[in-house]
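Engineer: query-v1.txt is the file, holding compact mmCIF, C-alpha atoms:
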```txt
# COMPACT_ATOMS: atom_id res chain seq x y z
CA MET A 1 121.70 74.46 160.81
CA SER A 2 119.79 72.89 157.97
CA ASN A 3 117.44 75.89 157.96
CA LYS A 4 120.37 78.23 157.47
CA TYR A 5 121.69 76.02 154.71
CA TYR A 6 118.30 76.20 153.04
CA ILE A 7 118.10 79.99 153.31
CA PHE A 8 121.61 80.17 151.88
CA MET A 9 120.51 78.14 148.86
CA MET A 10 117.52 80.36 148.19
CA ALA A 11 119.59 83.50 148.67
CA CYS A 12 121.95 82.09 146.04
CA ILE A 13 119.03 81.82 143.62
CA VAL A 14 118.05 85.44 144.30
CA GLY A 15 121.65 86.46 143.72
CA LEU A 16 121.68 84.55 140.44
CA LEU A 17 118.52 86.28 139.23
CA MET A 18 119.91 89.65 140.25
CA ALA A 19 123.11 88.94 138.37
CA PHE A 20 121.13 88.07 135.23
CA THR A 21 119.15 91.29 135.51
CA LEU A 22 122.24 93.39 136.19
CA LYS A 23 123.95 91.94 133.14
CA ASN A 24 121.07 93.18 131.02
CA ALA A 25 121.04 96.55 132.74
CA SER A 26 124.47 97.52 131.38
CA GLY A 27 124.40 100.92 129.70
CA GLU A 28 121.50 103.31 129.65
CA TYR A 29 118.39 101.36 130.44
CA ARG A 30 114.78 102.08 131.17
CA ILE A 31 111.56 100.12 131.32
CA VAL A 32 109.93 99.67 127.91
CA PRO A 33 106.24 98.76 128.04
CA PHE A 34 104.78 96.21 125.64
CA LYS A 35 102.77 98.96 123.96
CA VAL A 36 105.91 100.74 122.82
CA ILE A 37 107.35 97.47 121.60
CA ASN A 38 104.15 96.84 119.62
CA ASP A 39 104.36 100.32 118.12
CA TYR A 40 107.91 99.70 117.02
CA LYS A 41 106.85 96.36 115.58
CA LYS A 42 104.20 98.12 113.49
CA VAL A 43 106.75 100.69 112.27
CA ILE A 44 109.15 97.91 111.34
CA GLU A 45 106.41 96.06 109.46
CA LYS A 46 105.60 99.24 107.55
CA GLU A 47 109.25 99.72 106.66
CA HIS A 48 109.40 96.12 105.49
CA ALA A 49 106.40 96.71 103.23
CA GLU A 50 108.09 99.79 101.80
CA ILE A 51 111.30 97.88 101.21
CA LYS A 52 109.26 95.23 99.41
CA SER A 53 107.62 97.80 97.13
CA ILE A 54 111.00 99.37 96.40
CA ARG A 55 112.36 95.91 95.58
CA ASN A 56 109.45 95.45 93.17
CA LEU A 57 110.28 98.78 91.57
CA LEU A 58 113.89 97.69 91.27
CA ASP A 59 112.83 94.45 89.60
CA GLU A 60 110.63 96.33 87.17
CA THR A 61 113.38 98.76 86.32
CA THR A 62 115.85 95.93 85.87
CA GLU A 63 113.38 94.28 83.51
CA LYS A 64 113.07 97.52 81.57
CA ILE A 65 116.85 97.84 81.33
CA GLU A 66 117.04 94.27 80.09
CA TYR A 67 114.36 95.09 77.52
CA PHE A 68 116.25 98.16 76.31
CA LYS A 69 119.46 96.19 76.19
CA GLY A 70 117.70 93.59 74.03
CA GLU A 71 116.48 96.36 71.74
CA GLN A 72 119.97 97.76 71.57
CA ALA A 73 121.31 94.38 70.53
CA GLU A 74 118.80 94.43 67.71
CA GLY A 75 119.86 97.97 66.89
CA ASP A 76 116.60 99.96 67.34
CA VAL A 77 116.63 101.38 70.86
CA GLY A 78 115.48 104.64 69.28
CA ASP A 79 112.27 103.04 68.08
CA ALA A 80 111.50 101.65 71.51
CA LEU A 81 112.10 105.01 73.15
CA LYS A 82 109.98 106.75 70.52
CA LYS A 83 107.13 104.33 71.14
CA GLU A 84 107.28 105.01 74.86
CA LEU A 85 107.48 108.77 74.28
CA ASP A 86 104.45 108.63 71.97
CA GLY A 87 102.51 106.88 74.72
CA TYR A 88 103.37 109.68 77.17
CA ARG A 89 102.55 112.39 74.61
CA ALA A 90 99.19 110.79 73.86
CA SER A 91 98.20 110.75 77.53
CA ALA A 92 99.46 114.31 77.99
CA GLY A 93 97.27 115.55 75.10
CA LEU A 94 100.11 116.46 72.77
CA MET A 95 99.01 114.13 70.00
CA ALA A 96 95.88 114.06 67.87
CA LEU A 97 93.78 111.04 68.74
CA GLU A 98 91.08 109.09 66.97
CA GLY A 99 88.49 106.63 68.19
CA PRO A 100 84.79 105.95 68.73
CA GLY A 101 82.95 108.58 70.71
CA VAL A 102 80.32 111.25 70.73
CA LEU A 103 79.87 114.70 69.19
CA VAL A 104 77.88 117.19 71.25
CA ILE A 105 76.52 120.44 69.84
CA LEU A 106 75.52 123.12 72.31
CA SER A 107 73.78 126.32 71.24
CA ASP A 108 71.48 129.06 72.52
CA GLY A 109 67.78 128.27 72.56
CA ASP A 110 65.47 129.83 69.94
CA ARG A 111 62.09 129.64 71.70
CA GLU A 112 60.08 132.75 72.55
CA LEU A 113 60.76 134.26 75.96
CA ILE A 114 57.93 134.07 78.45
CA ASP A 115 56.89 137.53 79.70
CA GLY A 116 59.38 138.81 82.24
CA GLU A 117 61.74 135.82 81.79
CA ASP A 118 65.43 136.40 82.13
CA PRO A 119 66.98 135.96 78.64
CA ASN A 120 70.02 134.48 80.37
CA ASN A 121 67.99 131.30 80.72
CA LEU A 122 68.28 130.65 77.01
CA LEU A 123 72.00 131.40 76.67
CA VAL A 124 74.84 128.89 76.87
CA HIS A 125 77.17 129.86 79.69
CA ASP A 126 80.68 128.74 80.53
CA ILE A 127 79.31 126.83 83.50
CA ASP A 128 76.98 124.86 81.21
CA VAL A 129 79.88 123.82 78.99
CA LEU A 130 81.97 123.02 82.04
CA ASN A 131 79.24 120.80 83.47
CA ILE A 132 78.77 119.00 80.16
CA VAL A 133 82.52 118.36 79.90
CA ASN A 134 82.58 117.12 83.47
CA GLY A 135 79.66 114.80 82.73
CA LEU A 136 81.58 113.36 79.78
CA LYS A 137 84.60 112.82 82.02
CA ILE A 138 82.44 110.99 84.55
CA ALA A 139 81.12 108.78 81.73
CA GLY A 140 84.70 107.75 80.98
CA ALA A 141 85.76 110.08 78.16
CA GLU A 142 89.43 109.52 77.39
CA ALA A 143 90.03 112.64 75.30
CA ILE A 144 87.84 115.75 74.92
CA SER A 145 88.02 118.75 72.64
CA LEU A 146 85.92 121.91 72.59
CA ASN A 147 85.65 123.73 69.27
CA GLY A 148 88.89 122.19 68.14
CA GLN A 149 90.75 122.94 71.36
CA ARG A 150 91.97 119.92 73.25
CA VAL A 151 90.89 119.87 76.91
CA VAL A 152 94.03 119.05 78.88
CA SER A 153 94.87 119.20 82.58
CA ILE A 154 95.52 122.98 82.53
CA SER A 155 92.69 123.95 80.12
CA GLU A 156 90.34 126.65 81.33
CA ILE A 157 86.72 127.07 80.24
CA ASN A 158 85.90 130.65 81.07
CA CYS A 159 83.18 133.23 80.39
CA ALA A 160 84.27 135.97 77.97
CA GLY A 161 81.18 138.09 77.38
CA PRO A 162 78.95 136.39 74.82
CA THR A 163 81.78 134.00 74.05
CA ILE A 164 83.71 131.31 75.87
CA LYS A 165 87.46 131.20 76.33
CA ILE A 166 89.31 127.90 76.23
CA ASN A 167 93.06 127.43 76.10
CA ASP A 168 93.31 131.26 75.93
CA ARG A 169 91.29 131.39 72.72
CA VAL A 170 87.83 132.85 72.34
CA TYR A 171 85.02 130.92 70.66
CA SER A 172 81.39 131.78 70.08
CA GLN A 173 78.55 129.35 69.73
CA PRO A 174 77.73 126.77 68.61
CA TYR A 175 79.97 124.84 70.94
CA ILE A 176 81.03 121.53 69.52
CA ILE A 177 82.39 119.08 72.05
CA LYS A 178 84.09 115.94 70.82
CA ALA A 179 84.83 113.12 73.20
CA ILE A 180 86.46 109.72 72.67
CA GLY A 181 85.19 106.88 74.82
CA ASN A 182 82.35 104.38 74.99
CA PRO A 183 79.81 106.09 72.64
CA ASP A 184 76.71 104.78 74.44
CA TYR A 185 77.94 105.86 77.86
CA LEU A 186 78.95 109.29 76.56
CA ARG A 187 75.63 109.88 74.84
CA ALA A 188 73.80 108.78 77.96
CA ALA A 189 75.85 111.30 79.95
CA ILE A 190 74.30 114.06 77.81
CA LYS A 191 70.82 112.78 77.07
CA ALA A 192 69.75 110.60 79.98
CA PRO A 193 67.05 112.08 82.26
CA GLY A 194 68.59 113.84 85.23
CA THR A 195 71.81 114.76 83.46
CA TYR A 196 72.88 118.34 83.01
CA GLY A 197 72.48 118.14 79.21
CA ASN A 198 68.90 116.92 79.57
CA LEU A 199 68.16 119.75 81.97
CA LEU A 200 69.47 122.34 79.48
CA LYS A 201 67.31 120.83 76.76
CA GLN A 202 64.24 121.05 78.96
CA VAL A 203 64.97 124.69 79.69
CA GLY A 204 65.01 125.31 75.93
CA LEU A 205 68.63 125.29 74.83
CA PHE A 206 69.80 123.40 71.79
CA VAL A 207 71.60 120.23 72.91
CA GLU A 208 72.43 117.48 70.50
CA ALA A 209 74.59 114.40 70.98
CA ASN A 210 75.49 112.05 68.14
CA THR A 211 77.59 108.94 68.45
CA SER A 212 80.22 108.16 65.87
CA VAL A 213 82.58 105.29 65.21
CA SER A 214 85.38 107.68 64.44
CA ILE A 215 85.91 110.94 66.32
CA THR A 216 89.11 112.89 65.85
CA VAL A 217 90.39 114.96 68.75
CA PRO A 218 93.18 117.40 67.87
CA ALA A 219 96.39 117.82 69.83
CA TYR A 220 96.99 120.58 72.37
CA GLU A 221 98.77 123.28 70.37
CA GLU A 222 99.91 125.84 72.93
CA GLN A 223 103.38 125.88 74.33
CA ILE A 224 103.32 124.48 77.87
CA ASP A 225 105.78 126.55 79.84
CA TYR A 226 105.84 125.60 83.51
CA LYS A 227 107.43 128.18 85.79
CA TYR A 228 106.80 126.74 89.23
CA LEU A 229 106.90 123.00 88.69
CA LYS A 230 109.83 121.05 89.94
CA VAL A 231 110.17 117.33 89.38
CA ILE A 232 110.70 115.44 92.62
CA GLU A 233 113.68 113.14 92.26
CA ARG A 234 112.14 110.11 93.95
CA SER A 235 109.54 109.32 91.29
CA GLU A 236 106.85 106.75 91.97
CA LYS A 237 106.32 104.04 89.39
CA PRO A 238 104.32 105.36 86.42
CA MET B 239 120.78 87.16 158.47
CA ILE B 240 124.44 87.06 157.53
CA ILE B 241 124.04 83.71 155.81
CA ALA B 242 121.40 85.31 153.52
CA PHE B 243 123.77 88.11 152.47
CA ILE B 244 126.59 85.69 151.89
CA GLY B 245 124.20 83.59 149.78
CA ILE B 246 123.20 86.59 147.69
CA ILE B 247 126.82 87.58 147.12
CA VAL B 248 127.74 84.01 146.16
CA GLY B 249 124.74 83.90 143.81
CA LEU B 250 125.80 87.20 142.22
CA GLY B 251 129.30 85.84 141.71
CA ILE B 252 128.01 82.66 140.08
CA GLY B 253 125.52 84.61 138.00
CA PHE B 254 128.17 86.93 136.61
CA TYR B 255 130.48 84.02 135.97
CA LEU B 256 127.91 81.89 134.11
CA PRO B 257 127.46 82.81 130.43
CA ILE B 258 123.66 83.00 130.70
CA THR B 259 121.58 86.07 129.84
CA PHE B 260 117.87 86.69 129.92
CA PRO B 261 116.18 88.48 127.02
CA ALA B 262 116.08 92.19 127.86
CA GLN B 263 112.37 92.12 127.05
CA TYR B 264 111.59 90.16 130.24
CA SER B 265 113.91 92.21 132.40
CA LEU B 266 110.99 94.04 134.07
CA TYR B 267 109.26 90.83 135.11
CA LEU B 268 112.53 89.44 136.42
CA SER B 269 113.20 92.48 138.57
CA ILE B 270 109.68 92.36 140.08
CA SER B 271 110.20 88.65 140.78
CA ILE B 272 113.50 89.49 142.47
CA ILE B 273 111.72 91.87 144.85
CA ALA B 274 109.25 89.12 145.73
CA ALA B 275 112.02 86.57 146.25
CA PHE B 276 114.01 89.05 148.30
CA ASP B 277 111.02 89.56 150.53
CA SER B 278 110.74 85.79 150.96
CA ILE B 279 114.39 85.60 152.05
CA PHE B 280 113.85 88.30 154.69
CA GLY B 281 110.69 86.54 155.82
CA ALA B 282 112.65 83.31 156.14
CA VAL B 283 115.37 84.97 158.21
CA ARG B 284 112.76 86.46 160.50
CA ALA B 285 110.95 83.12 160.87
CA ASN B 286 114.26 81.46 161.60
CA LEU B 287 114.93 83.92 164.42
CA ASP B 288 111.49 83.08 165.83
CA ASN B 289 112.19 79.36 165.40
CA LYS B 290 109.04 79.12 163.27
CA PHE B 291 110.82 78.33 160.02
CA ASP B 292 108.93 75.90 157.76
CA THR B 293 110.64 74.65 154.60
CA VAL B 294 107.39 74.02 152.69
CA ILE B 295 105.90 77.46 153.47
CA PHE B 296 109.19 79.13 152.59
CA THR B 297 109.62 77.32 149.26
CA THR B 298 106.02 77.82 148.12
CA GLY B 299 106.14 81.47 149.18
CA PHE B 300 109.46 82.03 147.46
CA PHE B 301 108.46 80.65 144.08
CA GLY B 302 104.74 81.51 144.31
CA ASN B 303 105.33 85.17 145.16
CA ALA B 304 108.00 85.52 142.50
CA PHE B 305 105.74 83.96 139.86
CA LEU B 306 102.68 85.97 140.90
CA ALA B 307 104.64 89.24 140.88
CA GLY B 308 106.02 88.47 137.41
CA MET B 309 102.55 87.55 136.12
CA LEU B 310 101.08 90.74 137.59
CA ALA B 311 103.67 92.81 135.76
CA TYR B 312 103.01 90.90 132.53
CA ILE B 313 99.21 91.28 132.74
CA GLY B 314 99.61 94.96 133.59
CA ASP B 315 101.77 95.41 130.53
CA GLN B 316 99.20 93.70 128.34
CA LEU B 317 96.42 95.90 129.70
CA GLY B 318 98.50 99.05 129.61
CA VAL B 319 98.11 99.56 133.36
CA PRO B 320 101.25 99.47 135.51
CA LEU B 321 99.94 96.72 137.83
CA TYR B 322 103.49 95.87 138.93
CA TYR B 323 103.33 98.87 141.26
CA ALA B 324 101.04 96.72 143.42
CA ALA B 325 103.78 94.10 143.74
CA ILE B 326 106.47 96.72 144.37
CA VAL B 327 104.48 98.42 147.13
CA ALA B 328 103.26 95.22 148.80
CA PHE B 329 106.64 93.49 148.84
CA GLY B 330 108.50 96.71 149.59
CA VAL B 331 106.43 97.35 152.70
CA ARG B 332 106.87 93.77 153.89
CA LEU B 333 110.58 93.94 153.18
CA PHE B 334 111.02 96.95 155.47
CA GLU B 335 108.79 95.44 158.12
CA ASN B 336 110.80 92.24 158.15
CA PHE B 337 114.05 94.17 158.19
CA ALA B 338 112.85 96.29 161.11
CA TYR B 339 111.90 93.16 163.02
CA ILE B 340 115.30 91.53 162.38
CA ARG B 341 117.08 94.77 163.34
CA ARG B 342 115.21 95.02 166.65
CA HIS B 343 115.90 91.37 167.37
CA PHE B 344 119.63 91.76 166.95
CA ILE B 345 119.77 95.04 168.86
CA SER B 346 117.89 93.60 171.79
CA LYS B 347 120.23 90.58 171.67
CA LEU B 348 123.26 92.88 171.74
CA ARG B 349 121.94 94.85 174.73
CA GLU B 350 121.40 91.73 176.84
```
Render the structure in this file as structure tokens.
Structural biologist:
Amino acid sequence: MSNKYYIFMMACIVGLLMAFTLKNASGEYRIVPFKVINDYKKVIEKEHAEIKSIRNLLDETTEKIEYFKGEQAEGDVGDALKKELDGYRASAGLMALEGPGVLVILSDGDRELIDGEDPNNLLVHDIDVLNIVNGLKIAGAEAISLNGQRVVSISEINCAGPTIKINDRVYSQPYIIKAIGNPDYLRAAIKAPGTYGNLLKQVGLFVEANTSVSITVPAYEEQIDYKYLKVIERSEKP
Amino acid sequence: MIIAFIGIIVGLGIGFYLPITFPAQYSLYLSISIIAAFDSIFGAVRANLDNKFDTVIFTTGFFGNAFLAGMLAYIGDQLGVPLYYAAIVAFGVRLFENFAYIRRHFISKLRE
């Protein structure tokens, strides 16, 4: 009899456990492995990080609004906006800029051709100018102009017969490149051994780079008329 | 045999009445443990019919099997291998064996 009583007790425990499980099993239920749970955890963490960054953005924007409100109280919100706009225009290349930098002069070589040598070797090509400009960019140039044309994000440097086309305008040599940045770095980007400018000089072209404490780079003058661009509403922080 | 079913039904009743729930996360381990415990109950009924019932063996088997089955499922989950199939198959086979034995015992008793 005591055995039966004992079995009854244990069966009660099994019943209890089953009841607990059945309570959980209400509704649609299937086994979820730990891996899936981990994956979801990762997704949730990512979402949390995003929420945090959005909160930061919100804080920043609130700060900005507070700043503008303060300006408004002082009565010169226009000045603050103008200052901000000028900053954007300067980085977009729509304003003339001034600062220390380097002035590069690029011209065809004047040495005698060796017998049978291709005269192209001594001419300045669009690709030469392009490489020089790229070298200046690598050296940290903040604003570049070529023969008075500002190099902006949509500027082309293209071959046009004996001339070079930039910003849809044709220029012949000499090509004068002005760049604002650290003058020593910029000069080194043209003159240092192994650079493209040094290579051109060795071939026989005229390459000259002079540093200056004050280089003036003009503004981009063409009308920028975007046809295909669309601003995405959800803008990242500038 | 009948006492075991009555026990399970009573346990179910109590379980549904009590306001206790397990986290759904551990539901898998619990269900594997239930299979192990269920097998122990059938084993106990069979041993009782043979008059070989031992309280210590039954208790250790009941809790030990349930714990081992739950652990197996947990380890399998951690490794990404469904190890709990081992518990399901092993205890499932034993469950049916025990049930067949009990069934034969009662049928032979009835025919006497």
Engineer: Counting all atoms listed in the file, give me one row per residue of chain B with an atom at most 10 Å from an atom of chain A, showing the shortest contact pair and its distance in Å to one decimal, sorted by chain then residue number, as a tab-separated table.
Structural biologist:
```
residue	atom	partner	partner_atom	distance
B:Met239	CA	A:Lys4	CA	9.0
B:Ile240	CA	A:Phe8	CA	9.3
B:Ile241	CA	A:Phe8	CA	5.8
B:Ala242	CA	A:Phe8	CA	5.4
B:Phe243	CA	A:Ala11	CA	7.3
B:Ile244	CA	A:Phe8	CA	7.4
B:Gly245	CA	A:Cys12	CA	4.6
B:Ile246	CA	A:Gly15	CA	4.3
B:Ile247	CA	A:Gly15	CA	6.3
B:Val248	CA	A:Cys12	CA	6.1
B:Gly249	CA	A:Cys12	CA	4.0
B:Leu250	CA	A:Gly15	CA	4.5
B:Gly251	CA	A:Ala19	CA	7.7
B:Ile252	CA	A:Leu16	CA	6.6
B:Gly253	CA	A:Leu16	CA	4.6
B:Phe254	CA	A:Ala19	CA	5.7
B:Tyr255	CA	A:Ala19	CA	9.2
B:Leu256	CA	A:Phe20	CA	9.2
B:Pro257	CA	A:Phe20	CA	9.5
B:Ile258	CA	A:Phe20	CA	7.3
B:Thr259	CA	A:Phe20	CA	5.8
B:Phe260	CA	A:Phe20	CA	6.4
B:Pro261	CA	A:Asn24	CA	7.9
B:Ala262	CA	A:Asn24	CA	6.0
B:Gln263	CA	A:Val32	CA	8.0
B:Tyr264	CA	A:Thr21	CA	9.3
B:Ser265	CA	A:Thr21	CA	6.2
B:Leu266	CA	A:Ile31	CA	6.7
B:Tyr267	CA	A:Thr21	CA	9.9
B:Leu268	CA	A:Thr21	CA	6.9
B:Ser269	CA	A:Thr21	CA	6.8
B:Ser271	CA	A:Leu17	CA	8.8
B:Ile272	CA	A:Val14	CA	6.4
B:Ile273	CA	A:Val14	CA	9.0
B:Ala274	CA	A:Val14	CA	9.6
B:Ala275	CA	A:Val14	CA	6.4
B:Phe276	CA	A:Val14	CA	6.7
B:Ser278	CA	A:Met10	CA	9.1
B:Ile279	CA	A:Ala11	CA	6.5
B:Phe280	CA	A:Ile7	CA	9.4
B:Ala282	CA	A:Ile7	CA	7.0
B:Val283	CA	A:Ile7	CA	7.5
B:Asn286	CA	A:Asn3	CA	7.4
B:Asn289	CA	A:Asn3	CA	9.7
B:Phe291	CA	A:Asn3	CA	7.3
B:Asp292	CA	A:Asn3	CA	8.5
B:Thr293	CA	A:Asn3	CA	7.7
B:Phe296	CA	A:Ile7	CA	9.0
B:Thr297	CA	A:Met10	CA	8.5
B:Phe300	CA	A:Met10	CA	8.3
B:Phe301	CA	A:Met10	CA	10.0
B:Tyr312	CA	A:Phe34	CA	8.9
B:Gly314	CA	A:Pro33	CA	9.4
B:Asp315	CA	A:Phe34	CA	5.8
B:Gln316	CA	A:Phe34	CA	6.7
B:Leu317	CA	A:Lys35	CA	9.1
B:Gly318	CA	A:Lys35	CA	7.1
B:Val319	CA	A:Pro33	CA	9.7
B:Pro320	CA	A:Pro33	CA	9.0
```
Engineer: When you count all atoms listed in the file, which of these residues is closest to Ser155 of chain A: A:Tyr40, A:Tyr171, A:Tyr88, A:Tyr220?
Structural biologist: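 Checking each candidate against Ser155 of chain A, we get A:Tyr220 as the closest.
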Engineer: What gap, in Å, lies between atom CA of Asn303 of chain B and atom CA of Asn336 of chain B?
Structural biologist: 15.8 Å
Engineer: Step by step, gather every atom of segment 306-324 of chain B that the file lists, find the box along x, y and z that holds them, add 6 Å on each side, and finally give centre and edge lengths in Å to one decimal, as lines of an AutoDock Vina configuration file.
Structural biologist:
```
center_x = 101.2
center_y = 92.8
center_z = 135.9
size_x = 21.6
size_y = 25.6
size_z = 27.1
```
Engineer: What gap, in Å, lies between atom CA of Glu222 of chain A and atom CA of Gln149 of chain A?
Structural biologist: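 Pair atom CA of Glu222 of chain A / atom CA of Gln149 of chain A returns 9.7 Å.
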Engineer: For atom CA of Val217 of chain A and atom CA of Gly87 of chain A, determine how far apart the two atoms are, in Å to one decimal place.
Structural biologist: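 One can read the atom CA of Val217 of chain A to atom CA of Gly87 of chain A distance as 15.7 Å.
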Engineer: Contacts of segment 130-138 of chain A at 8 Å or less, counting all atoms listed in the file, minus same-chain residues fewer than 6 places along, as a PDB file with C-alpha atoms, keeping the file's coordinate frame?
Structural biologist:
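Here's the written file result.pdb:
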```pdb
ATOM      1  CA  ILE A 144      87.840 115.750  74.920  1.00  0.00           C
ATOM      2  CA  ILE A 157      86.720 127.070  80.240  1.00  0.00           C
ATOM      3  CA  ILE A 177      82.390 119.080  72.050  1.00  0.00           C
ATOM      4  CA  ALA A 179      84.830 113.120  73.200  1.00  0.00           C
ATOM      5  CA  LEU A 186      78.950 109.290  76.560  1.00  0.00           C
ATOM      6  CA  ALA A 189      75.850 111.300  79.950  1.00  0.00           C
ATOM      7  CA  ILE A 190      74.300 114.060  77.810  1.00  0.00           C
ATOM      8  CA  THR A 195      71.810 114.760  83.460  1.00  0.00           C
ATOM      9  CA  TYR A 196      72.880 118.340  83.010  1.00  0.00           C
ATOM     10  CA  GLY A 197      72.480 118.140  79.210  1.00  0.00           C
TER      11      GLY A 197
END
```
Engineer: Show me, as a VMD selection string, the residues that have an atom within 10 Å of segment 159-169 of chain A when counting all atoms listed in the file, minus same-chain residues fewer than 5 positions from it.
Structural biologist: chain A and resid 123 to 127 129 145 to 152 154 174 to 175 220 to 222
Engineer: Skip Leu199 of chain A itself and residues of its chain fewer than 5 positions away, then list as a short mmCIF file (atom, residue, chain, number, x, y, z; two decimals) with C-alpha atoms, in the coordinates of the input all residues within 12 Å of it, counting only C-alpha atoms.
Structural biologist:
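See around.cif below for the written result:
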```
data_model
loop_
_atom_site.label_atom_id
_atom_site.label_comp_id
_atom_site.auth_asym_id
_atom_site.auth_seq_id
_atom_site.Cartn_x
_atom_site.Cartn_y
_atom_site.Cartn_z
CA ASN A 121 67.99 131.30 80.72
CA LEU A 122 68.28 130.65 77.01
CA ASP A 128 76.98 124.86 81.21
CA ASN A 131 79.24 120.80 83.47
CA ILE A 132 78.77 119.00 80.16
CA ALA A 189 75.85 111.30 79.95
CA ILE A 190 74.30 114.06 77.81
CA LYS A 191 70.82 112.78 77.07
CA ALA A 192 69.75 110.60 79.98
CA PRO A 193 67.05 112.08 82.26
CA GLY A 194 68.59 113.84 85.23
CA GLY A 204 65.01 125.31 75.93
CA LEU A 205 68.63 125.29 74.83
CA PHE A 206 69.80 123.40 71.79
CA VAL A 207 71.60 120.23 72.91
#
```
Engineer: Could N, CA, C and O atoms be built for segment 124-136 of chain A and written out as a PDB file, keeping the file's coordinate frame?
Structural biologist:
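The result, stored in part-v5.pdb:
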```
ATOM      1  N   VAL A 124      73.861 129.884  76.391  1.00  0.00           N
ATOM      2  CA  VAL A 124      74.840 128.890  76.870  1.00  0.00           C
ATOM      3  C   VAL A 124      75.917 129.642  77.650  1.00  0.00           C
ATOM      4  O   VAL A 124      76.492 130.599  77.154  1.00  0.00           O
ATOM      5  N   HIS A 125      76.135 129.222  78.870  1.00  0.00           N
ATOM      6  CA  HIS A 125      77.170 129.860  79.690  1.00  0.00           C
ATOM      7  C   HIS A 125      78.367 128.934  79.851  1.00  0.00           C
ATOM      8  O   HIS A 125      78.282 127.733  79.579  1.00  0.00           O
ATOM      9  N   ASP A 126      79.469 129.544  80.316  1.00  0.00           N
ATOM     10  CA  ASP A 126      80.680 128.740  80.530  1.00  0.00           C
ATOM     11  C   ASP A 126      80.417 127.593  81.496  1.00  0.00           C
ATOM     12  O   ASP A 126      80.925 126.492  81.340  1.00  0.00           O
ATOM     13  N   ILE A 127      79.561 127.873  82.505  1.00  0.00           N
ATOM     14  CA  ILE A 127      79.310 126.830  83.500  1.00  0.00           C
ATOM     15  C   ILE A 127      78.562 125.658  82.898  1.00  0.00           C
ATOM     16  O   ILE A 127      78.792 124.505  83.267  1.00  0.00           O
ATOM     17  N   ASP A 128      77.694 125.944  81.893  1.00  0.00           N
ATOM     18  CA  ASP A 128      76.980 124.860  81.210  1.00  0.00           C
ATOM     19  C   ASP A 128      77.975 123.950  80.489  1.00  0.00           C
ATOM     20  O   ASP A 128      77.923 122.728  80.595  1.00  0.00           O
ATOM     21  N   VAL A 129      78.883 124.594  79.739  1.00  0.00           N
ATOM     22  CA  VAL A 129      79.880 123.820  78.990  1.00  0.00           C
ATOM     23  C   VAL A 129      80.738 123.021  79.964  1.00  0.00           C
ATOM     24  O   VAL A 129      81.030 121.844  79.749  1.00  0.00           O
ATOM     25  N   LEU A 130      81.111 123.672  81.052  1.00  0.00           N
ATOM     26  CA  LEU A 130      81.970 123.020  82.040  1.00  0.00           C
ATOM     27  C   LEU A 130      81.281 121.782  82.612  1.00  0.00           C
ATOM     28  O   LEU A 130      81.888 120.712  82.758  1.00  0.00           O
ATOM     29  N   ASN A 131      79.984 121.927  82.906  1.00  0.00           N
ATOM     30  CA  ASN A 131      79.240 120.800  83.470  1.00  0.00           C
ATOM     31  C   ASN A 131      79.101 119.665  82.453  1.00  0.00           C
ATOM     32  O   ASN A 131      79.186 118.492  82.815  1.00  0.00           O
ATOM     33  N   ILE A 132      78.889 120.027  81.205  1.00  0.00           N
ATOM     34  CA  ILE A 132      78.770 119.000  80.160  1.00  0.00           C
ATOM     35  C   ILE A 132      80.092 118.230  80.052  1.00  0.00           C
ATOM     36  O   ILE A 132      80.124 117.002  80.005  1.00  0.00           O
ATOM     37  N   VAL A 133      81.197 118.990  80.015  1.00  0.00           N
ATOM     38  CA  VAL A 133      82.520 118.360  79.900  1.00  0.00           C
ATOM     39  C   VAL A 133      82.773 117.449  81.090  1.00  0.00           C
ATOM     40  O   VAL A 133      83.266 116.327  80.951  1.00  0.00           O
ATOM     41  N   ASN A 134      82.380 117.926  82.269  1.00  0.00           N
ATOM     42  CA  ASN A 134      82.580 117.120  83.470  1.00  0.00           C
ATOM     43  C   ASN A 134      81.751 115.844  83.399  1.00  0.00           C
ATOM     44  O   ASN A 134      82.237 114.760  83.765  1.00  0.00           O
ATOM     45  N   GLY A 135      80.510 115.977  82.883  1.00  0.00           N
ATOM     46  CA  GLY A 135      79.660 114.800  82.730  1.00  0.00           C
ATOM     47  C   GLY A 135      80.287 113.783  81.791  1.00  0.00           C
ATOM     48  O   GLY A 135      80.245 112.574  82.048  1.00  0.00           O
ATOM     49  N   LEU A 136      80.898 114.268  80.711  1.00  0.00           N
ATOM     50  CA  LEU A 136      81.580 113.360  79.780  1.00  0.00           C
ATOM     51  C   LEU A 136      82.744 112.663  80.461  1.00  0.00           C
ATOM     52  O   LEU A 136      82.987 111.478  80.246  1.00  0.00           O
TER      53      LEU A 136
END
```
